[in-house]
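Chemist: Pasting a structure here, questions to come.
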Amino acid sequence: GQLYVHAAATNAITPDYGVLVTVAGDGVVSNADSWIYSISQPINGGSPLYRMRNLTLASAGAGFNASARGFVGGVNASTNGNGPGASPYGGSGGSSGGAGYGGVGGNGQTGIGGTNYGSALTPLFPGSGAGWFNWGPLTTRGGDGGGLLRIQVSRNLALNGTLRADGGQGSGLLGGEDTQRLGGGSGGGIHVTCKTLSGTNATLSAIGANGRVGGFTGGGGGGGRIAIWSQYDLSLTNTWTFSLAGGTGQQAGQPGTLYWGQMQAPGTIVLIR
């Protein structure tokens with residue numbers, strides 16, 4: 001099955017998320033090809049926040065997917081991408097750079113790549129979009145950033161499935177060289193907290209998208225950010241797959257960041273002398 005979760009823009013009432021999804025009991029995604037698609041607000045970046053008691057992702061072909069569902073790329077009329085790491089408009093007759101997040105985006109033929117931003121320990125932003133360029137038809141746009149997967153599990157997380165927030169390539173309705181000058185979107189964010197973490201066969205991915213290849217190739221998107229926090233780690237991460245590479249292009253995007261943190265148990269006393 002498939003479930004699509006669309007976030008609204010953040011505001012003064014809910015500055016922390018675009019939509020809150022609370023599961024009173026346990027969340028289970030067990031069947032192959034079963035996905036929860038998490039979609040950020042494309043301009044503001046407000047994103048879903050998921051809260052539940054226990055969560056089990058039981059199949060490698062199922063899980064949460066926020067690929068190309070973050071800040072959008074620049075669309076038409078010499079526009080920059082969106083987001084803190086967006087790459088700017090690529091200029092006339094060249095190609096746009098890739099967007100950044102955990103890693104800096106690669107430069108295009110004429111446009112520069114976007115900067116990195118956010119925190120490696122607590123990634124709370126989606127990935128950014130790449131800029132447009134002044135050459136192709138007004139139906140093309142720079143690559144969209146990956147979205148944000150933000151999951152809070154109060155007890156046990158059994159992760160044998162997939163968490164994916166990859167950046168998207170530039171796109172267009174007309175083919176040929178017109179879509180070959182666009183930078184890639186940056187990888188998105190994955191931020192997970194839980195009490196007990198287990199799993200032997202997980203896939204976590206927040207790669208930057210490749211720049212579109214042609215006579216003037218776009219820059220590659222930077223990799224995103226992944227941070228996993230738990231009190232008790234029972235997982236076998238040597239069998240897990242982590243992907244945070246930057247995309248290829250006129251210049252490749254830089255890789256993103258991975259952080260593995262341990263939270264203190266409630267009631268812990270820390271003495272500082």
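Identifiers in this document derive from the order of the structure tokens: chains are assigned A, B, ..., residues are numbered from 1 separately in each chain, and ligands are numbered from 1 in order of occurrence.
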If we count only C-alpha atoms, what is near A:Gln2 at a cut-off of 6 Å, once residues fewer than 2 positions away on the same chain are taken out, given as a list in words?
Modeler: Ser34, Trp35 and Ile36 of chain A
Chemist: Env of stretch 218-232 of chain A: 6 Å cut, atoms = only C-alpha atoms, seq-sep filter 3 positions within chain, self excluded. Answer as number ranges by chain.
Modeler: A: 95-108, 121, 181-196, 206-212, 244-263
Chemist: One decimal, in Å: what's the spacing between atom CA of A:Arg155 and atom CA of A:Asp26?
Modeler: 9.7 Å
Chemist: So which residues touch A:Pro126 within 12 Å, counting only C-alpha atoms, skipping near sequence neighbours fewer than 5 positions away, as a count of residues only?
Modeler: 56
Chemist: Measuring between only C-alpha atoms, which one of A:Gln264, A:Asn54, A:Thr10, A:Ser171 shows the shortest distance to A:Ala24?
Modeler: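 Looking at the shortest contact to A:Ala24, the residue is A:Asn54.
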